[in-house]
>>> print(open('input_37.cif').read())   # mmCIF, C-alpha atoms and all ligand atoms
data_input
loop_
_atom_site.label_atom_id
_atom_site.label_comp_id
_atom_site.auth_asym_id
_atom_site.auth_seq_id
_atom_site.Cartn_x
_atom_site.Cartn_y
_atom_site.Cartn_z
CA MET A 235 -16.47 13.96 18.18
CA ILE A 236 -18.19 10.89 16.78
CA ILE A 237 -16.34 8.18 14.93
CA HIS A 238 -18.23 6.36 12.18
CA GLU A 239 -17.64 3.05 10.49
CA LEU A 240 -17.04 3.34 6.75
CA THR A 241 -18.96 1.30 4.21
CA PRO A 242 -16.96 -0.82 1.73
CA ALA A 243 -17.60 1.89 -0.89
CA ASP A 244 -16.26 4.59 1.45
CA CYS A 245 -13.18 2.44 2.17
CA ALA A 246 -12.58 2.06 -1.56
CA GLU A 247 -12.84 5.81 -1.96
CA VAL A 248 -10.20 6.45 0.73
CA LEU A 249 -7.91 3.90 -0.95
CA SER A 250 -8.44 5.53 -4.36
CA ARG A 251 -7.39 8.92 -3.05
CA GLY A 252 -4.45 7.53 -1.04
CA SER A 253 -0.87 7.18 -2.20
CA VAL A 254 1.13 6.27 0.92
CA ALA A 255 0.37 3.37 3.26
CA ARG A 256 1.84 1.73 6.33
CA LEU A 257 2.63 -1.83 5.34
CA ALA A 258 3.00 -4.32 8.18
CA CYS A 259 4.47 -7.78 7.73
CA CYS A 260 5.58 -10.32 10.29
CA ARG A 261 8.22 -13.01 10.63
CA MET A 262 8.78 -15.28 13.61
CA ASN A 263 6.47 -13.17 15.79
CA GLN A 264 8.34 -9.96 14.96
CA PRO A 265 6.17 -7.30 13.25
CA TYR A 266 7.82 -4.85 10.80
CA VAL A 267 6.08 -1.69 9.53
CA VAL A 268 7.30 0.63 6.78
CA PRO A 269 5.72 3.39 4.71
CA VAL A 270 5.23 2.52 1.04
CA SER A 271 3.59 4.13 -1.98
CA PHE A 272 0.70 2.28 -3.56
CA VAL A 273 -2.11 2.50 -6.08
CA TYR A 274 -5.51 0.93 -5.48
CA ASP A 275 -7.06 -1.11 -8.27
CA PRO A 276 -10.80 -1.59 -7.74
CA ARG A 277 -10.92 -3.94 -10.73
CA GLN A 278 -8.46 -6.42 -9.20
CA VAL A 279 -9.45 -5.56 -5.60
CA CYS A 280 -5.82 -5.08 -4.71
CA LEU A 281 -3.11 -2.55 -3.94
CA PHE A 282 -0.15 -2.43 -6.32
CA SER A 283 3.31 -1.40 -5.18
CA PHE A 284 6.95 -2.06 -5.97
CA SER A 285 10.14 -2.36 -4.00
CA ALA A 286 13.84 -2.97 -4.16
CA ILE A 287 14.57 -6.36 -2.63
CA GLY A 288 15.20 -5.87 1.05
CA LYS A 289 13.83 -6.88 4.40
CA LYS A 290 10.10 -6.43 3.76
CA VAL A 291 10.17 -8.35 0.46
CA GLU A 292 12.16 -11.17 2.07
CA TRP A 293 9.75 -11.30 5.00
CA MET A 294 6.62 -11.19 2.80
CA ARG A 295 8.02 -13.99 0.65
CA THR A 296 8.28 -16.06 3.84
CA ASN A 297 4.93 -14.98 5.25
CA PRO A 298 2.55 -13.35 2.71
CA SER A 299 -0.06 -12.30 5.32
CA VAL A 300 0.08 -8.53 5.70
CA CYS A 301 -1.85 -5.64 7.17
CA VAL A 302 -1.95 -2.23 5.50
CA GLU A 303 -3.15 1.05 6.95
CA VAL A 304 -4.08 4.04 4.77
CA GLU A 305 -5.08 7.36 6.21
CA ASP A 306 -6.62 10.57 5.05
CA PHE A 307 -5.47 12.73 7.94
CA GLU A 308 -6.16 16.42 8.26
CA ASP A 309 -5.84 16.77 12.03
CA ARG A 310 -6.84 14.88 15.19
CA PHE A 311 -10.49 15.77 14.62
CA ASN A 312 -10.72 15.23 10.87
CA TRP A 313 -9.54 11.95 9.49
CA ALA A 314 -10.49 8.74 7.79
CA THR A 315 -8.48 5.53 8.06
CA VAL A 316 -8.74 2.17 6.35
CA VAL A 317 -7.18 -1.07 7.57
CA VAL A 318 -6.69 -3.81 4.99
CA PHE A 319 -5.93 -7.46 5.72
CA GLY A 320 -4.41 -9.12 2.71
CA ARG A 321 -1.84 -11.28 1.00
CA TYR A 322 1.42 -10.42 -0.73
CA ASP A 323 1.68 -11.63 -4.32
CA GLU A 324 4.74 -10.91 -6.44
CA ILE A 325 4.16 -10.03 -10.10
CA GLY A 326 7.09 -11.38 -12.05
CA ASP A 327 8.22 -11.04 -15.67
CA ALA A 328 6.71 -14.35 -16.80
CA PRO A 329 4.12 -14.21 -19.64
CA LYS A 330 1.36 -15.31 -17.24
CA HIS A 331 1.91 -12.09 -15.26
CA GLN A 332 2.15 -9.79 -18.26
CA GLU A 333 -1.40 -8.42 -18.19
CA LEU A 334 -1.29 -7.77 -14.45
CA ARG A 335 2.14 -6.16 -14.69
CA GLN A 336 0.93 -3.88 -17.49
CA ARG A 337 -2.07 -2.92 -15.41
CA ALA A 338 0.14 -2.08 -12.40
CA LEU A 339 2.60 -0.07 -14.52
CA HIS A 340 -0.27 1.78 -16.18
CA LEU A 341 -1.69 2.79 -12.78
CA PHE A 342 1.76 3.77 -11.47
CA SER A 343 2.42 5.88 -14.55
CA GLU A 344 -0.56 8.11 -13.74
CA ARG A 345 1.53 9.50 -10.88
CA SER A 346 4.48 11.77 -11.56
CA ARG A 347 7.92 10.31 -10.74
CA TRP A 348 6.09 7.22 -9.56
CA TRP A 349 9.26 5.18 -9.09
CA LEU A 350 10.36 7.41 -6.18
CA PRO A 351 11.12 6.76 -3.40
CA GLY A 352 10.54 3.00 -3.71
CA ALA A 353 13.21 2.50 -6.36
CA ALA A 354 15.55 5.26 -5.15
CA LYS A 355 19.15 4.42 -4.33
CA LEU A 356 20.05 3.82 -0.69
CA GLY A 357 23.19 5.90 -0.13
CA ALA A 358 25.74 5.00 -2.78
CA SER A 359 24.48 1.45 -3.43
CA GLU A 360 22.63 0.49 -6.61
CA HIS A 361 19.52 -1.66 -6.37
CA GLN A 362 19.97 -4.98 -8.12
CA ASN A 363 16.33 -5.80 -8.46
CA VAL A 364 12.99 -4.07 -8.14
CA VAL A 365 9.92 -6.22 -7.70
CA VAL A 366 6.34 -5.28 -8.53
CA TYR A 367 3.77 -6.81 -6.21
CA ARG A 368 0.15 -6.64 -5.24
CA ILE A 369 -1.63 -6.98 -1.94
CA HIS A 370 -4.83 -8.96 -2.48
CA ILE A 371 -7.49 -7.40 -0.28
CA ASP A 372 -9.14 -10.16 1.78
CA SER A 373 -11.03 -7.76 4.04
CA MET A 374 -10.98 -4.15 5.09
CA THR A 375 -12.54 -1.82 7.61
CA GLY A 376 -12.67 1.94 7.80
CA ARG A 377 -13.45 4.67 10.28
CA ARG A 378 -13.82 8.40 10.07
CA THR A 379 -14.67 11.37 12.23
CA THR A 380 -17.65 13.56 11.65
CA ARG A 381 -16.95 16.66 9.61
CA PRO A 382 -16.80 19.83 11.72
CA GLU A 383 -20.02 21.82 11.87
CA THR A 384 -19.99 25.06 9.93
CA THR A 385 -21.23 28.02 11.96
C1 LIG B 401 6.45 8.44 1.66
C2 LIG B 401 7.26 7.18 1.43
C3 LIG B 401 6.95 6.35 0.38
C4 LIG B 401 7.71 5.20 0.16
N1 LIG B 401 7.38 4.38 -0.89
C5 LIG B 401 8.04 3.22 -1.05
C6 LIG B 401 7.66 2.28 -2.05
O1 LIG B 401 6.73 2.49 -2.81
N2 LIG B 401 8.36 1.13 -2.15
C7 LIG B 401 9.40 0.86 -1.33
O2 LIG B 401 10.00 -0.21 -1.46
N3 LIG B 401 9.79 1.71 -0.39
C8 LIG B 401 9.14 2.88 -0.22
N4 LIG B 401 9.54 3.75 0.76
C9 LIG B 401 10.72 3.43 1.55
C10 LIG B 401 10.36 2.36 2.60
O3 LIG B 401 9.73 2.96 3.70
C11 LIG B 401 11.60 1.59 3.10
O4 LIG B 401 12.51 2.49 3.68
C12 LIG B 401 12.32 0.88 1.99
O5 LIG B 401 11.41 0.22 1.14
C13 LIG B 401 13.31 -0.14 2.54
O6 LIG B 401 12.59 -1.17 3.17
P1 LIG B 401 13.24 -2.63 3.31
O7 LIG B 401 12.33 -3.43 4.15
O8 LIG B 401 13.61 -3.15 1.96
O9 LIG B 401 14.50 -2.26 4.20
P2 LIG B 401 16.05 -2.60 4.01
O10 LIG B 401 16.64 -1.67 2.99
O11 LIG B 401 16.24 -4.05 3.81
O12 LIG B 401 16.57 -2.13 5.43
C14 LIG B 401 16.37 -2.90 6.58
C15 LIG B 401 16.40 -2.09 7.86
O13 LIG B 401 16.38 -0.69 7.63
C16 LIG B 401 15.45 -0.06 8.48
N5 LIG B 401 14.51 0.71 7.65
C17 LIG B 401 14.03 0.41 6.42
N6 LIG B 401 13.19 1.34 5.98
C18 LIG B 401 13.11 2.27 6.95
C19 LIG B 401 12.41 3.48 7.11
N7 LIG B 401 11.56 3.98 6.16
N8 LIG B 401 12.56 4.18 8.26
C20 LIG B 401 13.37 3.73 9.23
N9 LIG B 401 14.08 2.60 9.16
C21 LIG B 401 13.95 1.87 8.03
C22 LIG B 401 14.72 -1.12 9.27
O14 LIG B 401 15.10 -1.04 10.63
C23 LIG B 401 15.16 -2.41 8.67
O15 LIG B 401 15.48 -3.37 9.64
C24 LIG B 401 8.79 4.89 1.02
C25 LIG B 401 9.08 5.73 2.10
C26 LIG B 401 8.33 6.87 2.29
C27 LIG B 401 8.66 7.75 3.47
#
>>> encode(input="input_37.cif", output="structure tokens")
Amino acid sequence: MIIHELTPADCAEVLSRGSVARLACCRMNQPYVVPVSFVYDPRQVCLFSFSAIGKKVEWMRTNPSVCVEVEDFEDRFNWATVVVFGRYDEIGDAPKHQELRQRALHLFSERSRWWLPGAAKLGASEHQNVVVYRIHIDSMTGRRTTRPETT
């Protein structure tokens, strides 16, 4: 098996097809990784997502530097993965954010039941607040295996 580096265009293609990522943030030398849904916006060069306010949002507000991994995984021999280094940026309700928020909501709405599971209830408790955010992509790398030979 040979593993190849992906070009930036290939990385963008993996992100476009992806919908679930591993989002890693860090506070006081303690990493924290959770799965999240996302949409890639090539126009803004960012990933959009949303979340109820909890640990990851609190941590990313303290330290906006994040790492995100997206994978297109078939099996051990057939996969592509992209690692993004970026910055958390919350998209509030203020008029200055309106265009960006609309863009994010438009992209989310192309997916059915897009608000799940990010805005689902945890047990019996109601979420007070859901935040929309983007991860600015500062840099990214990608790798993939060779496709299996057809015989
Ligand atoms: C396929 C998929 C897609 C998802 N999409 C989104 C999304 O778009 N947006 C979103 O906000 N969330 C999404 N989630 C849920 C997400 O993984 C977190 O569980 C959730 O966001 C709560 O994270 P928090 O940091 O706010 O944790 P809090 O509710 O503050 O809980 C804190 C503690 O709970 C534990 N914990 C939190 N999440 C998990 C977990 N998944 N597994 C095990 N332990 C956990 C941790 O130990 C942490 O210390 C998705 C999950 C899956 C599986």
>>> residues_near_ligand(input="input_37.cif", ligand="ligand LIG 401 (chain B)", cutoff="6 Å", atoms="all atoms listed in the file", output="PyMOL selection string")
chain A and resi 254+268-271+283-290+351-352
>>> closest_residue(input="input_37.cif", among="A:Ile237, A:Ala243, A:Ala328, A:Cys280", to="A:Arg377", atoms="only C-alpha atoms")
A:Ile237
>>> atom_distance(input="input_37.cif", atom1="atom CA of A:Arg378", atom2="atom CA of A:Asn312")
7.5 Å
>>> atom_distance(input="input_37.cif", atom1="atom CA of A:Leu249", atom2="atom CA of A:Thr296")
26.1 Å
>>> atom_distance(input="input_37.cif", atom1="atom CA of A:Thr380", atom2="atom CA of A:Val302")
23.1 Å
>>> closest_residue(input="input_37.cif", among="A:Val365, A:Ala314, A:Val279, A:Met235", to="A:Arg295", atoms="all atoms listed in the file")
A:Val365
>>> residues_near_point(input="input_37.cif", point="(1.4, -3.1, -8.3)", cutoff="9 Å", atoms="only C-alpha atoms", output="PyMOL selection string")
chain A and resi 272-275+280-284+324-325+334-335+337-339+341-342+366-369
>>> closest_residue(input="input_37.cif", among="A:Gln278, A:His238, A:Val300, A:Val291", to="A:Glu333", atoms="only C-alpha atoms")
A:Gln278
>>> closest_residue(input="input_37.cif", among="A:Gly326, A:Gly252, A:Gly320, A:Pro276", to="A:Glu305", atoms="only C-alpha atoms")
A:Gly252
